[in-house]
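entry_7.cif (mmCIF, N, CA and C atoms)
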```cif
data_run
#
loop_
_atom_site.label_atom_id
_atom_site.label_comp_id
_atom_site.auth_asym_id
_atom_site.auth_seq_id
_atom_site.Cartn_x
_atom_site.Cartn_y
_atom_site.Cartn_z
N MET R 64 -29.49 18.00 -13.67
CA MET R 64 -29.48 17.41 -12.35
C MET R 64 -30.92 17.39 -11.81
N ALA R 65 -31.30 16.31 -11.19
CA ALA R 65 -32.66 16.15 -10.67
C ALA R 65 -32.82 16.92 -9.36
N HIS R 66 -34.03 17.41 -9.17
CA HIS R 66 -34.36 18.10 -7.92
C HIS R 66 -34.50 17.07 -6.81
N ARG R 67 -33.86 17.29 -5.69
CA ARG R 67 -33.96 16.37 -4.56
C ARG R 67 -34.71 17.05 -3.44
N LYS R 68 -35.62 16.29 -2.83
CA LYS R 68 -36.38 16.84 -1.71
C LYS R 68 -35.49 16.86 -0.48
N PRO R 69 -35.69 17.84 0.37
CA PRO R 69 -34.94 17.83 1.64
C PRO R 69 -35.44 16.67 2.50
N HIS R 70 -34.73 16.38 3.56
CA HIS R 70 -35.14 15.30 4.45
C HIS R 70 -36.52 15.62 5.02
N LEU R 71 -37.46 14.72 4.81
CA LEU R 71 -38.81 14.89 5.32
C LEU R 71 -39.05 13.88 6.43
N PRO R 72 -39.85 14.24 7.44
CA PRO R 72 -40.12 13.30 8.51
C PRO R 72 -40.87 12.07 7.99
N GLU R 73 -40.59 10.93 8.57
CA GLU R 73 -41.24 9.69 8.19
C GLU R 73 -41.80 9.01 9.42
N LYS R 74 -42.79 8.14 9.19
CA LYS R 74 -43.31 7.28 10.24
C LYS R 74 -43.91 6.05 9.60
N PRO R 75 -44.04 4.95 10.34
CA PRO R 75 -44.57 3.72 9.76
C PRO R 75 -46.10 3.74 9.70
N CYS R 76 -46.64 3.13 8.67
CA CYS R 76 -48.09 2.98 8.51
C CYS R 76 -48.56 1.93 9.52
N VAL R 77 -49.66 2.18 10.21
CA VAL R 77 -50.15 1.22 11.19
C VAL R 77 -50.77 -0.02 10.54
N SER R 78 -51.13 0.06 9.27
CA SER R 78 -51.73 -1.09 8.58
C SER R 78 -50.68 -2.00 7.95
N CYS R 79 -49.81 -1.42 7.14
CA CYS R 79 -48.86 -2.25 6.40
C CYS R 79 -47.44 -2.22 6.98
N GLY R 80 -47.15 -1.24 7.83
CA GLY R 80 -45.83 -1.16 8.45
C GLY R 80 -44.77 -0.47 7.62
N ARG R 81 -45.08 -0.12 6.37
CA ARG R 81 -44.09 0.54 5.53
C ARG R 81 -43.95 2.00 5.93
N PRO R 82 -42.75 2.55 5.85
CA PRO R 82 -42.57 3.96 6.19
C PRO R 82 -43.15 4.87 5.10
N PHE R 83 -43.72 5.97 5.52
CA PHE R 83 -44.19 6.97 4.56
C PHE R 83 -43.77 8.34 5.03
N ALA R 84 -43.53 9.23 4.07
CA ALA R 84 -42.98 10.55 4.37
C ALA R 84 -44.07 11.61 4.45
N TRP R 85 -43.74 12.67 5.12
CA TRP R 85 -44.61 13.83 5.27
C TRP R 85 -44.99 14.38 3.91
N ARG R 86 -46.24 14.80 3.78
CA ARG R 86 -46.71 15.45 2.56
C ARG R 86 -47.34 16.77 2.93
N ARG R 87 -47.29 17.70 2.02
CA ARG R 87 -47.77 19.05 2.31
C ARG R 87 -49.24 19.06 2.74
N LYS R 88 -50.07 18.20 2.13
CA LYS R 88 -51.48 18.19 2.48
C LYS R 88 -51.72 17.70 3.91
N TRP R 89 -50.72 17.05 4.53
CA TRP R 89 -50.84 16.60 5.91
C TRP R 89 -50.20 17.58 6.89
N ALA R 90 -49.83 18.75 6.44
CA ALA R 90 -49.08 19.69 7.27
C ALA R 90 -49.81 20.04 8.57
N ARG R 91 -51.12 20.26 8.51
CA ARG R 91 -51.87 20.67 9.70
C ARG R 91 -52.08 19.54 10.69
N ASP R 92 -52.19 18.31 10.21
CA ASP R 92 -52.51 17.21 11.13
C ASP R 92 -51.56 16.03 10.99
N TRP R 93 -50.28 16.29 10.79
CA TRP R 93 -49.28 15.23 10.62
C TRP R 93 -49.29 14.26 11.80
N GLU R 94 -49.49 14.75 13.00
CA GLU R 94 -49.49 13.88 14.18
C GLU R 94 -50.66 12.90 14.15
N ALA R 95 -51.77 13.28 13.52
CA ALA R 95 -52.95 12.42 13.48
C ALA R 95 -52.94 11.44 12.30
N VAL R 96 -52.07 11.64 11.32
CA VAL R 96 -52.02 10.76 10.15
C VAL R 96 -51.42 9.42 10.58
N ARG R 97 -52.13 8.32 10.30
CA ARG R 97 -51.68 7.00 10.74
C ARG R 97 -51.45 6.03 9.60
N HIS R 98 -52.06 6.29 8.43
CA HIS R 98 -52.00 5.35 7.31
C HIS R 98 -51.31 6.00 6.11
N CYS R 99 -50.63 5.19 5.32
CA CYS R 99 -49.88 5.72 4.18
C CYS R 99 -50.77 6.00 2.97
N SER R 100 -51.95 5.41 2.93
CA SER R 100 -52.81 5.58 1.76
C SER R 100 -54.26 5.31 2.13
N ASP R 101 -55.16 5.64 1.20
CA ASP R 101 -56.57 5.32 1.41
C ASP R 101 -56.79 3.82 1.44
N ALA R 102 -56.02 3.09 0.65
CA ALA R 102 -56.16 1.63 0.61
C ALA R 102 -55.86 1.03 1.98
N CYS R 103 -54.82 1.50 2.65
CA CYS R 103 -54.50 1.00 3.99
C CYS R 103 -55.56 1.46 5.00
N ARG R 104 -56.02 2.68 4.85
CA ARG R 104 -57.00 3.22 5.80
C ARG R 104 -58.30 2.44 5.77
N THR R 105 -58.73 2.01 4.58
CA THR R 105 -60.01 1.30 4.46
C THR R 105 -59.86 -0.21 4.56
N GLY R 106 -58.63 -0.71 4.62
CA GLY R 106 -58.42 -2.15 4.73
C GLY R 106 -58.34 -2.88 3.41
N ARG R 107 -58.40 -2.15 2.30
CA ARG R 107 -58.34 -2.80 0.99
C ARG R 107 -57.00 -3.47 0.74
N ARG R 108 -55.93 -2.90 1.25
CA ARG R 108 -54.61 -3.48 1.01
C ARG R 108 -54.50 -4.84 1.69
N ASP R 109 -54.99 -4.95 2.92
CA ASP R 109 -54.96 -6.23 3.63
C ASP R 109 -55.83 -7.26 2.92
N ALA R 110 -57.01 -6.85 2.45
CA ALA R 110 -57.90 -7.78 1.75
C ALA R 110 -57.24 -8.29 0.48
N ALA R 111 -56.59 -7.43 -0.27
CA ALA R 111 -55.92 -7.84 -1.49
C ALA R 111 -54.75 -8.78 -1.18
N ARG R 112 -54.00 -8.48 -0.14
CA ARG R 112 -52.86 -9.31 0.24
C ARG R 112 -53.35 -10.70 0.65
N ASN R 113 -54.42 -10.77 1.43
CA ASN R 113 -54.93 -12.06 1.89
C ASN R 113 -55.47 -12.90 0.74
N SER R 114 -56.17 -12.29 -0.20
CA SER R 114 -56.71 -13.05 -1.32
C SER R 114 -55.58 -13.54 -2.23
N ARG R 115 -54.54 -12.75 -2.38
CA ARG R 115 -53.40 -13.15 -3.21
C ARG R 115 -52.69 -14.35 -2.60
N HIS R 116 -52.49 -14.33 -1.28
CA HIS R 116 -51.83 -15.44 -0.60
C HIS R 116 -52.68 -16.70 -0.68
N ALA R 117 -53.98 -16.57 -0.59
CA ALA R 117 -54.86 -17.73 -0.67
C ALA R 117 -54.76 -18.38 -2.05
N ARG R 118 -54.63 -17.57 -3.09
CA ARG R 118 -54.51 -18.12 -4.44
C ARG R 118 -53.17 -18.80 -4.66
N LEU R 119 -52.12 -18.31 -4.01
CA LEU R 119 -50.79 -18.85 -4.21
C LEU R 119 -50.47 -20.02 -3.30
N ASP R 120 -51.20 -20.20 -2.24
CA ASP R 120 -50.94 -21.23 -1.24
C ASP R 120 -51.56 -22.56 -1.69
N PRO R 121 -50.74 -23.56 -2.03
CA PRO R 121 -51.29 -24.83 -2.49
C PRO R 121 -52.10 -25.54 -1.40
N ALA R 122 -51.78 -25.33 -0.14
CA ALA R 122 -52.52 -25.97 0.95
C ALA R 122 -53.94 -25.44 1.06
N ALA R 123 -54.19 -24.24 0.55
CA ALA R 123 -55.50 -23.64 0.64
C ALA R 123 -56.45 -24.11 -0.48
N ARG R 124 -55.90 -24.82 -1.44
CA ARG R 124 -56.72 -25.29 -2.58
C ARG R 124 -57.56 -26.50 -2.17
N ARG R 125 -58.71 -26.61 -2.78
CA ARG R 125 -59.57 -27.77 -2.56
C ARG R 125 -59.56 -28.65 -3.80
N ASP R 126 -58.71 -29.64 -3.85
CA ASP R 126 -58.63 -30.53 -5.01
C ASP R 126 -59.29 -31.86 -4.71
#
```
Give the structure from the file, written as structure tokens.
Amino acid sequence: MAHRKPHLPEKPCVSCGRPFAWRRKWARDWEAVRHCSDACRTGRRDAARNSRHARLDPAARRD
């Protein structure tokens, strides 16, 4: 049988909006944690998402 974690507090990431759960390394400053990852904190996730949409959007192409 797999080990199951007890219910951990969650909150939404201010960058991507996805929920993320409490982690032990955030125990001292859980109230101050706002982003789910370093990628969201530095804006890399948004940059990657925008470039991906630009490549997939036919209206954005210059033919």
Figure out the distance between atom CA of R:Cys99 and atom CA of R:Arg81, please, to one decimal in Å.
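Computed distance, atom CA of R:Arg81 to atom CA of R:Cys99, equals 7.9 Å.
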Please, what distance in Å, to one decimal, runs between atom CA of R:Arg108 and atom CA of R:Lys74?
18.1 Å
What does the distance from atom CA of R:Asp101 to atom C of R:Trp85 come to in Å, to one decimal?
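Computing it gives 14.9 Å between the two atoms.
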Which is closer to R:Glu73 than all the others in R:Ser114, R:Arg91, R:Gly106, R:Val96, using only C-alpha atoms?
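Of R:Ser114, R:Arg91, R:Gly106, R:Val96, the one nearest R:Glu73, counting only C-alpha atoms, is R:Val96.
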